[in-house]
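**Student:** File coords19.pdb follows (PDB, C-alpha atoms, pLDDT in the B column):
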```
ATOM      1  CA  MET A1053     -55.037-117.836 -84.649  1.00 52.00           C
ATOM      2  CA  ALA A1054     -58.026-116.199 -82.984  1.00 60.00           C
ATOM      3  CA  ASP A1055     -58.145-118.979 -80.371  1.00 72.00           C
ATOM      4  CA  THR A1056     -54.514-118.316 -79.421  1.00 81.00           C
ATOM      5  CA  LYS A1057     -55.173-114.603 -79.110  1.00 78.00           C
ATOM      6  CA  GLN A1058     -58.206-115.241 -76.911  1.00 80.00           C
ATOM      7  CA  ALA A1059     -56.242-117.689 -74.751  1.00 79.00           C
ATOM      8  CA  ASP A1060     -53.420-115.153 -74.327  1.00 84.00           C
ATOM      9  CA  GLU A1061     -55.912-112.433 -73.434  1.00 86.00           C
ATOM     10  CA  ALA A1062     -57.573-114.733 -70.894  1.00 87.00           C
ATOM     11  CA  LYS A1063     -54.196-115.557 -69.305  1.00 90.00           C
ATOM     12  CA  GLU A1064     -53.280-111.880 -69.152  1.00 90.00           C
ATOM     13  CA  ALA A1065     -56.629-111.027 -67.565  1.00 90.00           C
ATOM     14  CA  LYS A1066     -56.091-113.738 -64.927  1.00 93.00           C
ATOM     15  CA  ARG A1067     -52.564-112.447 -64.246  1.00 93.00           C
ATOM     16  CA  ALA A1068     -53.822-108.872 -63.892  1.00 93.00           C
ATOM     17  CA  ALA A1069     -56.627-109.957 -61.542  1.00 95.00           C
ATOM     18  CA  LYS A1070     -54.161-111.900 -59.381  1.00 95.00           C
ATOM     19  CA  ALA A1071     -51.795-108.906 -59.224  1.00 96.00           C
ATOM     20  CA  GLU A1072     -54.709-106.667 -58.232  1.00 97.00           C
ATOM     21  CA  ARG A1073     -55.690-109.048 -55.416  1.00 97.00           C
ATOM     22  CA  GLN A1074     -52.084-109.195 -54.189  1.00 97.00           C
ATOM     23  CA  ALA A1075     -51.762-105.399 -54.186  1.00 98.00           C
ATOM     24  CA  THR A1076     -55.082-105.051 -52.348  1.00 98.00           C
ATOM     25  CA  ARG A1077     -54.021-107.605 -49.706  1.00 98.00           C
ATOM     26  CA  LEU A1078     -50.668-105.845 -49.178  1.00 98.00           C
ATOM     27  CA  ALA A1079     -52.392-102.437 -48.992  1.00 98.00           C
ATOM     28  CA  LYS A1080     -54.679-103.795 -46.261  1.00 97.00           C
ATOM     29  CA  GLN A1081     -51.630-104.987 -44.288  1.00 98.00           C
ATOM     30  CA  ILE A1082     -49.932-101.598 -44.757  1.00 98.00           C
ATOM     31  CA  ARG A1083     -53.034 -99.740 -43.547  1.00 98.00           C
ATOM     32  CA  SER A1084     -53.230-102.068 -40.545  1.00 97.00           C
ATOM     33  CA  PHE A1085     -49.585-101.338 -39.695  1.00 97.00           C
ATOM     34  CA  ALA A1086     -50.197 -97.608 -40.083  1.00 97.00           C
ATOM     35  CA  ALA A1087     -53.232 -97.754 -37.779  1.00 97.00           C
ATOM     36  CA  ALA A1088     -51.227 -99.586 -35.124  1.00 97.00           C
ATOM     37  CA  HIS A1089     -48.331 -97.108 -35.314  1.00 96.00           C
ATOM     38  CA  ARG A1090     -50.189 -93.770 -35.616  1.00 96.00           C
ATOM     39  CA  GLY A1091     -49.349 -93.513 -39.315  1.00 96.00           C
ATOM     40  CA  ALA A1092     -46.606 -94.874 -41.530  1.00 96.00           C
ATOM     41  CA  GLU A1093     -44.206 -94.092 -44.329  1.00 97.00           C
ATOM     42  CA  ALA A1094     -42.693 -96.561 -46.768  1.00 97.00           C
ATOM     43  CA  GLN A1095     -39.786 -97.272 -49.061  1.00 97.00           C
ATOM     44  CA  VAL A1096     -39.943 -99.829 -51.876  1.00 97.00           C
ATOM     45  CA  ALA A1097     -36.730-101.643 -52.813  1.00 95.00           C
ATOM     46  CA  TYR A1098     -36.232-104.134 -55.635  1.00 95.00           C
ATOM     47  CA  ILE A1099     -34.694-107.350 -54.247  1.00 94.00           C
ATOM     48  CA  GLY A1100     -34.231-109.332 -57.444  1.00 92.00           C
ATOM     49  CA  GLU A1101     -36.238-112.281 -58.667  1.00 90.00           C
ATOM     50  CA  ARG A1102     -37.916-112.512 -55.266  1.00 90.00           C
ATOM     51  CA  GLY A1103     -39.736-109.232 -55.906  1.00 95.00           C
ATOM     52  CA  SER A1104     -39.664-105.994 -53.954  1.00 97.00           C
ATOM     53  CA  ARG A1105     -39.460-105.227 -50.265  1.00 96.00           C
ATOM     54  CA  ILE A1106     -41.783-102.658 -48.723  1.00 97.00           C
ATOM     55  CA  VAL A1107     -40.142-101.217 -45.612  1.00 95.00           C
ATOM     56  CA  LEU A1108     -42.630 -99.520 -43.282  1.00 97.00           C
ATOM     57  CA  VAL A1109     -41.753 -97.055 -40.533  1.00 96.00           C
ATOM     58  CA  GLY A1110     -44.480 -95.969 -38.142  1.00 96.00           C
ATOM     59  CA  GLU A1111     -44.806 -92.523 -36.603  1.00 95.00           C
ATOM     60  CA  ASP A1112     -43.941 -94.133 -33.251  1.00 95.00           C
ATOM     61  CA  GLY A1113     -40.661 -95.520 -34.636  1.00 94.00           C
ATOM     62  CA  GLY A1114     -41.932 -99.077 -35.032  1.00 93.00           C
ATOM     63  CA  TRP A1115     -40.948-100.730 -38.267  1.00 92.00           C
ATOM     64  CA  GLY A1116     -41.631-103.778 -40.358  1.00 92.00           C
ATOM     65  CA  ASP A1117     -41.514-105.011 -43.901  1.00 93.00           C
ATOM     66  CA  LEU A1118     -43.479-106.909 -46.491  1.00 96.00           C
ATOM     67  CA  VAL A1119     -42.372-108.598 -49.704  1.00 96.00           C
ATOM     68  CA  ALA A1120     -44.336-108.228 -52.924  1.00 97.00           C
ATOM     69  CA  PRO A1121     -43.794-110.614 -55.848  1.00 97.00           C
ATOM     70  CA  THR A1122     -43.092-107.733 -58.261  1.00 96.00           C
ATOM     71  CA  HIS A1123     -42.037-104.105 -58.030  1.00 96.00           C
ATOM     72  CA  ALA A1124     -45.242-103.014 -59.781  1.00 96.00           C
ATOM     73  CA  ILE A1125     -47.404-104.790 -57.189  1.00 97.00           C
ATOM     74  CA  ALA A1126     -45.399-103.210 -54.346  1.00 98.00           C
ATOM     75  CA  GLU A1127     -45.833 -99.738 -55.833  1.00 97.00           C
ATOM     76  CA  GLU A1128     -49.553-100.320 -56.367  1.00 97.00           C
ATOM     77  CA  ALA A1129     -49.923-101.530 -52.769  1.00 98.00           C
ATOM     78  CA  VAL A1130     -48.333 -98.428 -51.224  1.00 98.00           C
ATOM     79  CA  ARG A1131     -50.370 -96.224 -53.558  1.00 97.00           C
ATOM     80  CA  LYS A1132     -53.598 -97.969 -52.496  1.00 98.00           C
ATOM     81  CA  ALA A1133     -52.610 -97.726 -48.827  1.00 98.00           C
ATOM     82  CA  GLY A1134     -52.102 -93.984 -49.173  1.00 97.00           C
ATOM     83  CA  VAL A1135     -48.768 -93.799 -47.336  1.00 97.00           C
ATOM     84  CA  THR A1136     -45.874 -91.475 -48.104  1.00 96.00           C
ATOM     85  CA  VAL A1137     -43.238 -93.296 -50.158  1.00 96.00           C
ATOM     86  CA  HIS A1138     -39.540 -92.411 -49.986  1.00 96.00           C
ATOM     87  CA  GLU A1139     -37.062 -93.034 -52.789  1.00 94.00           C
ATOM     88  CA  ASP A1140     -34.273 -94.053 -50.387  1.00 93.00           C
ATOM     89  CA  PHE A1141     -33.983 -95.341 -46.859  1.00 90.00           C
ATOM     90  CA  ASP A1142     -31.776 -92.597 -45.483  1.00 89.00           C
ATOM     91  CA  GLY A1143     -31.774 -89.241 -43.735  1.00 88.00           C
ATOM     92  CA  GLU A1144     -34.813 -88.189 -41.755  1.00 89.00           C
ATOM     93  CA  PHE A1145     -36.765 -91.262 -42.813  1.00 90.00           C
ATOM     94  CA  ALA A1146     -34.168 -93.725 -41.482  1.00 90.00           C
ATOM     95  CA  ALA A1147     -33.771 -91.662 -38.312  1.00 91.00           C
ATOM     96  CA  LYS A1148     -37.422 -92.355 -37.422  1.00 93.00           C
ATOM     97  CA  VAL A1149     -36.683 -96.056 -36.845  1.00 91.00           C
ATOM     98  CA  ARG A1150     -36.501 -97.040 -33.187  1.00 89.00           C
ATOM     99  CA  THR A1151     -34.708-100.268 -32.402  1.00 84.00           C
ATOM    100  CA  GLY A1152     -34.931-102.232 -29.200  1.00 81.00           C
ATOM    101  CA  PRO A1153     -32.675-104.674 -27.360  1.00 82.00           C
ATOM    102  CA  TYR A1154     -33.603-107.563 -29.680  1.00 78.00           C
ATOM    103  CA  GLU A1155     -32.403-105.741 -32.792  1.00 74.00           C
ATOM    104  CA  TRP A1156     -29.178-104.602 -31.103  1.00 72.00           C
ATOM    105  CA  TYR A1157     -28.490-108.143 -29.932  1.00 75.00           C
ATOM    106  CA  ARG A1158     -29.086-109.575 -33.408  1.00 72.00           C
ATOM    107  CA  MET A1159     -26.948-106.882 -35.073  1.00 71.00           C
ATOM    108  CA  ALA A1160     -24.129-107.492 -32.580  1.00 67.00           C
ATOM    109  CA  GLY A1161     -24.049-111.142 -33.625  1.00 61.00           C
ATOM    110  CA  ILE A1162     -23.147-110.102 -37.141  1.00 61.00           C
ATOM    111  CA  GLN A1163     -20.057-108.252 -35.900  1.00 57.00           C
ATOM    112  CA  VAL A1164     -16.794-110.006 -35.122  1.00 53.00           C
ATOM    113  CA  GLY A1165     -16.746-110.846 -31.429  1.00 55.00           C
ATOM    114  CA  GLY A1166     -20.489-110.272 -30.988  1.00 52.00           C
ATOM    115  CA  PRO A1167     -22.919-112.855 -29.651  1.00 54.00           C
ATOM    116  CA  ALA A1168     -23.594-115.783 -31.952  1.00 56.00           C
ATOM    117  CA  ASN A1169     -26.668-115.691 -34.162  1.00 50.00           C
ATOM    118  CA  SER A1170     -27.326-119.378 -33.636  1.00 51.00           C
ATOM    119  CA  ASN A1171     -29.188-121.253 -30.949  1.00 51.00           C
ATOM    120  CA  THR A1172     -26.434-123.803 -30.382  1.00 48.00           C
TER     121      THR A1172
END
```
Turn this file's structure into structure tokens for me.
**Tutor:**
Amino acid sequence: MADTKQADEAKEAKRAAKAERQATRLAKQIRSFAAAHRGAEAQVAYIGERGSRIVLVGEDGGWGDLVAPTHAIAEEAVRKAGVTVHEDFDGEFAAKVRTGPYEWYRMAGIQVGGPANSNT
């Protein structure tokens, strides 16, 4: 019985260490984004079994996203990065996003009558 407990504890320690490394790696990417965009804010959204999406919006209006394997890792990453986290992607936060021609073209392809989203 003691061997099983020790094996479980060892597995849990490995899992925790892996999660810590993942959060640290994501935090580094978030800080890099923030440095390139004169600061950043974030919103963390659960996307199901895939994990959680970290949406980043820079002070210059640039935006991007990252996917973390779990919601806990995503929350730890934004905490480590030291960025402001929003509960929702709406209002003043969403208004900071600046889109360019590429995004408008891609969004138009989703609409009926817009350009196709394929390369055919």
**Student:** Calculated over all atoms listed in the file, which of the candidates A:Gln1081, A:Thr1136, A:Gln1074, A:Thr1151 has the smallest distance to Thr1122 of chain A?
**Tutor:**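 When distances to Thr1122 of chain A are compared using all atoms listed in the file, the smallest one comes from A:Gln1074.
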**Student:** Set the distance at 8 Å and use all atoms listed in the file: which residues neighbour segment 1097-1103 of chain A once local chain neighbours fewer than 5 positions away are removed? I'd like the list as a list in words.
**Tutor:**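 Once the nearby chain positions are removed, what remains is Val1119, Ala1120, Pro1121, Thr1122 and His1123 of chain A.
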**Student:** Compile the contact shell of Ala1075 of chain A as a PyMOL selection string: residues with an atom at most 6 Å away, counting all atoms listed in the file, same-chain residues fewer than 6 positions apart removed.
**Tutor:** chain A and resi 1125+1128-1129
**Student:** What does the structure give for the distance between atom CA of Gly1143 of chain A and atom CA of Gly1091 of chain A, in Å to one decimal?
**Tutor:**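 It comes out at 18.6 Å.
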**Student:** Nearest residue to Trp1115 of chain A out of A:Val1137, A:Val1096, A:Val1149, A:Ala1062, using all atoms listed in the file?
**Tutor:** A:Val1149
**Student:** Which one of A:Tyr1157, A:Glu1111, A:Lys1066, A:Ala1094 sits closest to Gly1134 of chain A if you count all atoms listed in the file?
**Tutor:**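 Result for the nearest residue to Gly1134 of chain A: A:Ala1094.
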**Student:** What does the distance between atom CA of Gln1058 of chain A and atom CA of Ala1124 of chain A come to in Å, to one decimal place?
**Tutor:**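 Separating atom CA of Gln1058 of chain A from atom CA of Ala1124 of chain A is a distance of 24.7 Å.
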**Student:** Considering all atoms listed in the file, can you say which of A:Ile1082, A:Tyr1154, A:Ala1087, A:Lys1132 comes closest to Ile1106 of chain A?
**Tutor:** A:Ile1082
**Student:** Looking at A:Glu1093, A:Gly1113, A:Glu1155, A:Ala1126, which one is nearest to Phe1141 of chain A, with distances taken over only C-alpha atoms?
**Tutor:**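 For Phe1141 of chain A, the nearest of the given residues is A:Glu1093.
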**Student:** N, CA, C and O atoms are what I want for segment 1109-1120 of chain A; can you complete it accordingly and write them as a PDB file, in the coordinates of the input?
**Tutor:**
```pdb
ATOM      1  N   VAL A1109     -42.183 -97.682 -41.780  1.00 96.00           N
ATOM      2  CA  VAL A1109     -41.753 -97.055 -40.533  1.00 96.00           C
ATOM      3  C   VAL A1109     -42.939 -96.274 -39.990  1.00 96.00           C
ATOM      4  O   VAL A1109     -43.471 -95.393 -40.663  1.00 96.00           O
ATOM      5  N   GLY A1110     -43.350 -96.634 -38.779  1.00 96.00           N
ATOM      6  CA  GLY A1110     -44.480 -95.969 -38.142  1.00 96.00           C
ATOM      7  C   GLY A1110     -44.073 -94.653 -37.515  1.00 96.00           C
ATOM      8  O   GLY A1110     -42.896 -94.401 -37.252  1.00 96.00           O
ATOM      9  N   GLU A1111     -45.056 -93.817 -37.248  1.00 95.00           N
ATOM     10  CA  GLU A1111     -44.806 -92.523 -36.603  1.00 95.00           C
ATOM     11  C   GLU A1111     -44.237 -92.700 -35.200  1.00 95.00           C
ATOM     12  O   GLU A1111     -43.565 -91.811 -34.686  1.00 95.00           O
ATOM     13  N   ASP A1112     -44.474 -93.861 -34.584  1.00 95.00           N
ATOM     14  CA  ASP A1112     -43.941 -94.133 -33.251  1.00 95.00           C
ATOM     15  C   ASP A1112     -42.554 -94.769 -33.296  1.00 95.00           C
ATOM     16  O   ASP A1112     -41.992 -95.131 -32.275  1.00 95.00           O
ATOM     17  N   GLY A1113     -41.987 -94.936 -34.488  1.00 94.00           N
ATOM     18  CA  GLY A1113     -40.661 -95.520 -34.636  1.00 94.00           C
ATOM     19  C   GLY A1113     -40.662 -97.017 -34.885  1.00 94.00           C
ATOM     20  O   GLY A1113     -39.641 -97.598 -35.207  1.00 94.00           O
ATOM     21  N   GLY A1114     -41.827 -97.651 -34.738  1.00 93.00           N
ATOM     22  CA  GLY A1114     -41.932 -99.077 -35.032  1.00 93.00           C
ATOM     23  C   GLY A1114     -41.715 -99.311 -36.512  1.00 93.00           C
ATOM     24  O   GLY A1114     -41.981 -98.440 -37.344  1.00 93.00           O
ATOM     25  N   TRP A1115     -41.202-100.465 -36.853  1.00 92.00           N
ATOM     26  CA  TRP A1115     -40.948-100.730 -38.267  1.00 92.00           C
ATOM     27  C   TRP A1115     -41.230-102.192 -38.591  1.00 92.00           C
ATOM     28  O   TRP A1115     -41.332-103.034 -37.717  1.00 92.00           O
ATOM     29  N   GLY A1116     -41.376-102.439 -39.869  1.00 92.00           N
ATOM     30  CA  GLY A1116     -41.631-103.778 -40.358  1.00 92.00           C
ATOM     31  C   GLY A1116     -41.458-103.788 -41.864  1.00 92.00           C
ATOM     32  O   GLY A1116     -41.169-102.753 -42.469  1.00 92.00           O
ATOM     33  N   ASP A1117     -41.618-104.943 -42.454  1.00 93.00           N
ATOM     34  CA  ASP A1117     -41.514-105.011 -43.901  1.00 93.00           C
ATOM     35  C   ASP A1117     -42.412-106.101 -44.462  1.00 93.00           C
ATOM     36  O   ASP A1117     -42.853-106.989 -43.751  1.00 93.00           O
ATOM     37  N   LEU A1118     -42.692-105.952 -45.726  1.00 96.00           N
ATOM     38  CA  LEU A1118     -43.479-106.909 -46.491  1.00 96.00           C
ATOM     39  C   LEU A1118     -42.745-107.166 -47.797  1.00 96.00           C
ATOM     40  O   LEU A1118     -41.991-106.303 -48.258  1.00 96.00           O
ATOM     41  N   VAL A1119     -42.976-108.314 -48.407  1.00 96.00           N
ATOM     42  CA  VAL A1119     -42.372-108.598 -49.704  1.00 96.00           C
ATOM     43  C   VAL A1119     -43.486-108.813 -50.718  1.00 96.00           C
ATOM     44  O   VAL A1119     -44.405-109.599 -50.490  1.00 96.00           O
ATOM     45  N   ALA A1120     -43.387-108.090 -51.826  1.00 97.00           N
ATOM     46  CA  ALA A1120     -44.336-108.228 -52.924  1.00 97.00           C
ATOM     47  C   ALA A1120     -43.657-109.019 -54.041  1.00 97.00           C
ATOM     48  O   ALA A1120     -42.442-108.907 -54.222  1.00 97.00           O
TER      49      ALA A1120
END
```
